[in-house]
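Read through the structure below, which is laid out as structure tokens, and then see the notes.
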Amino acid sequence: MMSSQSVPSASPHEFDRLLESIHSAHRDNRAGALADYIPELAKASPDDFGLAIATVGGRLHIAGDAEVPFTIQSISKAFTFCLALELTGRDTVLTRVGVEPSGDAFNAIIFDAVGKKPFNPMVNAGAITIAGLLCETLGASAFDFVLDRFSQAAGRPLTLDETVYRSEAETGHRNRAIAHLLLANDVLKVSPDEALDLYFRQCSIRVTASDLARMGATLANMGENPVTGRAAFELRAVRNTLAVMFTCGMYDYAGNWAYDIGVPAKSGVGGGILGVVNRQLGIATYSPRLDARGNSVRGIASFEMLGEELGLHAFDCTNMGSSFVSTLIR
Ligand code: GLU
């Protein structure tokens with residue numbers, strides 16, 4: 001359950017009011033543009049704007065278009081990384097992909113100079129490597145496994161957006177180039193086509209802001225869905241995932257995000273942003289107009305306002321840390 005100490009002045013009723021006020025503050029912001037390098041993404045309704053907070057106590061608070069479906073895109077990378085850690089272990093994962101922020105765009109064609117590995121699992125090169133590792137481990141059932149765990153985390157059966165999947169698969173030439181380089185660098189051990197097929201599919205899973213917030217609350221709740229009580233992710237893998245989201249989750253804005261907003265987060269070009277307040281909340285925004293780095297403009301503005309109002313930054317003086325530690329230091 002949330003403690004009133006670590007979320008100062010917030011009752012559930014105040015979450016609803018806060019989400020409404022953030023929604024009306026940013027509703028008229030039309031800055032940014034839809035992603036169009038995947039043709040299907042350019043068909044999103046640009047004005048859609050949804051906000052959702054899910055608590056580890058199982059409550060959901062929403063405002064605006066929180067039930068409008070969109071594709072999860074890069075937000076999937078955080079969850080597939082978590083699954084790869086669980087299935088193959090931290091050491092194996094680290095032989096294939098690093099945990100350093102790259103400071104470069106999500107689709108950059110760059111690798112660590114020493115190990116030839118992708119910098120981290122939140123950029124395309126790293127996520128395609130992780131997809132390859134899942135295929136290596138799970139074979140033909142890899143996508144069903146991923147979809148099942150994502151669904152467990154959301155607390156309802158999620159589905160694939162076939163049209164977006166086809167659009168990505170038909171046009172993903174840059175990702176294809178990356179996958180072939182990963183093969184040459186010996187970090188991809190299955191065929192590029194196999195890894196890419198899982199990658200394009202995982203990116204094309206349909207979610208709503210409410211789903212994403214619930215998936216975030218599952219991470220915040222040590223991997224167990226707070227509503228169903230079922231484990232979707234392994235506890236140790238959750239810790240590693242949140243750490244990489246904190247340092248690498250927001251494209252080449254990750255440093256600014258950690259500085260200003262200070263919660264682990266992951267962004268996707270479909271217009272979603274997921275933030276996690278460990279042991280407390282999953283927070284999601286959906287608005288498909290993106291800035292030059294690929295982050296949702298209204299999403300960032302909403303997180304700024306929410307973080308400020310609730311004192312969510314990991315190093316905020318109002319953030320009292322875990323109740324376990326506080327019993328030890330008093
Ligand atoms: N499927 C997208 C791609 O690889 C994901 C990009 C993103 O959301 O950052 O281009």
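By order of appearance in the structure tokens: chains A, B, ..., then residues from 1 within every chain, and ligands from 1 in the order shown.
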From range 32-251 of chain A, collect each residue whose DSSP state is strand (DSSP E or B) and return the set as a list in words.
Ala33, Gly50, Leu51, Ala52, Ile53, Ala54, Thr55, Leu60, His61, Ile62, Ala63, Gly64, Phe70, Thr71, Thr159, Leu160, Ile205, Arg206, Val207, Glu224 and Ala231 of chain A
Selection to disk with N, CA, C and O atoms, as a PDB file, in the first residue's frame:
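What landed in out18.pdb:
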```pdb
ATOM      1  N   ALA A  33       5.109  16.550 -33.494  1.00  0.00           N
ATOM      2  CA  ALA A  33       4.570  15.909 -34.708  1.00  0.00           C
ATOM      3  C   ALA A  33       4.482  14.405 -34.515  1.00  0.00           C
ATOM      4  O   ALA A  33       5.247  13.822 -33.741  1.00  0.00           O
ATOM      5  N   GLY A  50      -4.246  11.098 -22.998  1.00  0.00           N
ATOM      6  CA  GLY A  50      -4.738  10.325 -21.855  1.00  0.00           C
ATOM      7  C   GLY A  50      -3.703  10.244 -20.744  1.00  0.00           C
ATOM      8  O   GLY A  50      -2.495  10.233 -21.003  1.00  0.00           O
ATOM      9  N   LEU A  51      -4.194  10.191 -19.527  1.00  0.00           N
ATOM     10  CA  LEU A  51      -3.322  10.113 -18.346  1.00  0.00           C
ATOM     11  C   LEU A  51      -3.843   9.020 -17.422  1.00  0.00           C
ATOM     12  O   LEU A  51      -5.064   8.872 -17.273  1.00  0.00           O
ATOM     13  N   ALA A  52      -2.935   8.280 -16.800  1.00  0.00           N
ATOM     14  CA  ALA A  52      -3.378   7.237 -15.862  1.00  0.00           C
ATOM     15  C   ALA A  52      -2.341   7.039 -14.758  1.00  0.00           C
ATOM     16  O   ALA A  52      -1.132   7.111 -14.998  1.00  0.00           O
ATOM     17  N   ILE A  53      -2.853   6.833 -13.564  1.00  0.00           N
ATOM     18  CA  ILE A  53      -2.005   6.455 -12.422  1.00  0.00           C
ATOM     19  C   ILE A  53      -2.577   5.165 -11.852  1.00  0.00           C
ATOM     20  O   ILE A  53      -3.769   5.089 -11.558  1.00  0.00           O
ATOM     21  N   ALA A  54      -1.733   4.142 -11.689  1.00  0.00           N
ATOM     22  CA  ALA A  54      -2.154   2.908 -11.017  1.00  0.00           C
ATOM     23  C   ALA A  54      -1.316   2.768  -9.745  1.00  0.00           C
ATOM     24  O   ALA A  54      -0.103   3.004  -9.765  1.00  0.00           O
ATOM     25  N   THR A  55      -1.952   2.421  -8.665  1.00  0.00           N
ATOM     26  CA  THR A  55      -1.237   2.322  -7.391  1.00  0.00           C
ATOM     27  C   THR A  55      -0.913   0.855  -7.062  1.00  0.00           C
ATOM     28  O   THR A  55      -1.587  -0.062  -7.565  1.00  0.00           O
ATOM     29  N   LEU A  60      -6.898   2.558  -9.803  1.00  0.00           N
ATOM     30  CA  LEU A  60      -6.565   3.202 -11.082  1.00  0.00           C
ATOM     31  C   LEU A  60      -7.253   4.553 -11.137  1.00  0.00           C
ATOM     32  O   LEU A  60      -8.447   4.663 -10.826  1.00  0.00           O
ATOM     33  N   HIS A  61      -6.514   5.573 -11.531  1.00  0.00           N
ATOM     34  CA  HIS A  61      -7.066   6.930 -11.676  1.00  0.00           C
ATOM     35  C   HIS A  61      -6.753   7.377 -13.091  1.00  0.00           C
ATOM     36  O   HIS A  61      -5.610   7.230 -13.541  1.00  0.00           O
ATOM     37  N   ILE A  62      -7.734   7.930 -13.780  1.00  0.00           N
ATOM     38  CA  ILE A  62      -7.496   8.292 -15.188  1.00  0.00           C
ATOM     39  C   ILE A  62      -8.074   9.665 -15.516  1.00  0.00           C
ATOM     40  O   ILE A  62      -8.965  10.164 -14.820  1.00  0.00           O
ATOM     41  N   ALA A  63      -7.558  10.232 -16.596  1.00  0.00           N
ATOM     42  CA  ALA A  63      -8.155  11.451 -17.152  1.00  0.00           C
ATOM     43  C   ALA A  63      -7.991  11.397 -18.670  1.00  0.00           C
ATOM     44  O   ALA A  63      -7.007  10.842 -19.179  1.00  0.00           O
ATOM     45  N   GLY A  64      -8.939  11.981 -19.390  1.00  0.00           N
ATOM     46  CA  GLY A  64      -8.860  12.069 -20.855  1.00  0.00           C
ATOM     47  C   GLY A  64      -8.930  10.710 -21.526  1.00  0.00           C
ATOM     48  O   GLY A  64      -9.644   9.812 -21.074  1.00  0.00           O
ATOM     49  N   PHE A  70      -3.080   2.296 -28.463  1.00  0.00           N
ATOM     50  CA  PHE A  70      -1.952   2.707 -29.315  1.00  0.00           C
ATOM     51  C   PHE A  70      -0.891   1.624 -29.184  1.00  0.00           C
ATOM     52  O   PHE A  70      -1.034   0.731 -28.330  1.00  0.00           O
ATOM     53  N   THR A  71       0.156   1.675 -29.998  1.00  0.00           N
ATOM     54  CA  THR A  71       1.151   0.592 -29.881  1.00  0.00           C
ATOM     55  C   THR A  71       2.244   0.987 -28.884  1.00  0.00           C
ATOM     56  O   THR A  71       2.681   2.126 -28.827  1.00  0.00           O
ATOM     57  N   THR A 159      -3.289  -7.561 -27.158  1.00  0.00           N
ATOM     58  CA  THR A 159      -3.281  -8.130 -28.507  1.00  0.00           C
ATOM     59  C   THR A 159      -2.276  -7.404 -29.393  1.00  0.00           C
ATOM     60  O   THR A 159      -1.829  -6.300 -29.073  1.00  0.00           O
ATOM     61  N   LEU A 160      -1.986  -8.053 -30.510  1.00  0.00           N
ATOM     62  CA  LEU A 160      -1.051  -7.494 -31.492  1.00  0.00           C
ATOM     63  C   LEU A 160      -1.813  -6.617 -32.478  1.00  0.00           C
ATOM     64  O   LEU A 160      -2.869  -7.031 -32.975  1.00  0.00           O
ATOM     65  N   ILE A 205       2.473  -4.342 -29.925  1.00  0.00           N
ATOM     66  CA  ILE A 205       1.447  -4.748 -28.952  1.00  0.00           C
ATOM     67  C   ILE A 205       0.622  -3.511 -28.589  1.00  0.00           C
ATOM     68  O   ILE A 205       1.163  -2.431 -28.344  1.00  0.00           O
ATOM     69  N   ARG A 206      -0.693  -3.714 -28.617  1.00  0.00           N
ATOM     70  CA  ARG A 206      -1.634  -2.612 -28.379  1.00  0.00           C
ATOM     71  C   ARG A 206      -1.878  -2.431 -26.881  1.00  0.00           C
ATOM     72  O   ARG A 206      -2.171  -3.408 -26.186  1.00  0.00           O
ATOM     73  N   VAL A 207      -1.735  -1.210 -26.409  1.00  0.00           N
ATOM     74  CA  VAL A 207      -2.027  -0.910 -24.992  1.00  0.00           C
ATOM     75  C   VAL A 207      -2.811   0.398 -24.925  1.00  0.00           C
ATOM     76  O   VAL A 207      -2.905   1.131 -25.902  1.00  0.00           O
ATOM     77  N   GLU A 224       4.708  -8.161  -9.131  1.00  0.00           N
ATOM     78  CA  GLU A 224       3.399  -8.811  -8.951  1.00  0.00           C
ATOM     79  C   GLU A 224       2.282  -7.827  -9.289  1.00  0.00           C
ATOM     80  O   GLU A 224       2.266  -6.706  -8.787  1.00  0.00           O
ATOM     81  N   ALA A 231       2.303 -13.032 -10.228  1.00  0.00           N
ATOM     82  CA  ALA A 231       3.626 -12.516 -10.585  1.00  0.00           C
ATOM     83  C   ALA A 231       3.776 -12.483 -12.098  1.00  0.00           C
ATOM     84  O   ALA A 231       3.517 -13.470 -12.779  1.00  0.00           O
TER      85      ALA A 231
END
```
**Request:** Identify, on the basis of only C-alpha atoms, every residue whose closest approach to Ala125 in chain A does not exceed 9 Å; exclude the query and any residue fewer than 5 positions from it along the same chain; express the result as an NGL selection string.
**Result:** :A and (97 or 106-111 or 117-120 or 130 or 175 or 178-179 or 182)
Subject >> From A:Gln280, A:Arg27, A:Gly126, A:Asp197, residue lying nearest Lys77 in chain A [only C-alpha atoms] >> reply: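 Of all the options, A:Gly126 lies closest to Lys77 in chain A.
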| request: Kindly work out which residues sit at most 8 Å from ligand 1, using only C-alpha atoms and all ligand atoms, and give the list as a PyMOL selection string. | output: chain A and resi 37-38+72-75+106-107+123-124+168+172+175+199-200+203-204+251+267-270+294
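Taking CA of Val93 in chain A as the reference point, CA of Leu134 in chain A is found at 10.4 Å.
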Original post:
Between A:Met222, A:Ala84, A:Ala177, A:Ala292, which one has atoms that come closest to Glu136 in chain A, using only C-alpha atoms?
Top reply: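 Nearest to Glu136 in chain A: A:Ala84.
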Next item on the list: Go ahead and compute the interatomic distance for CA of Phe81 in chain A and CA of Thr241 in chain A, in Å to one decimal.
Entry: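 Here the two named atoms are 6.8 Å from each other.
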Using only C-alpha atoms, the residue out of A:Leu34, A:Leu212, A:Leu85, A:Ala314 with shortest distance to Ile283 in chain A is A:Leu212
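Shortest separation to Ala31 in chain A among A:Arg174, A:Phe303, A:Asp291, A:Gly229 occurs at residue A:Asp291, atoms counted being only C-alpha atoms.
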### Message
From a backbone DSSP assignment, name each residue in range 242-324 of chain A labelled helix (DSSP H, G or I), as an MDAnalysis selection string.
### Response
chainID A and resid 242:248 251:260 297:310 323:324
Surrounding residues of Gly255 in chain A excluding itself and chain neighbours under 3 positions, 12 Å, only C-alpha atoms, as a list in words: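 The contact residues come out as Glu100, Pro101, Ser102, Gly103, Asp104, Met245, Phe246, Thr247, Cys248, Gly249, Met250, Tyr251, Asp252, Ala258, Tyr259, Asp260, Ile261, Gly262, Val263, Pro264 and Ala265 of chain A.
Here the question is which of A:Ser302, A:Thr80, A:Pro192, A:Phe315 gets nearest to Glu20 in chain A using only C-alpha atoms, and that residue is A:Ser302.
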- Message: Calculated over only C-alpha atoms, which of the candidates A:Ala213, A:Val190, A:Ala113, A:Val276 has the smallest distance to Val238 in chain A?
- Response: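 Using only C-alpha atoms, Val238 in chain A sits closest to A:Val276.
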Report, in Å to a single decimal, how far apart CA of Thr92 in chain A and CA of Leu133 in chain A are.
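That distance, rounded to one decimal, is 9.4 Å.
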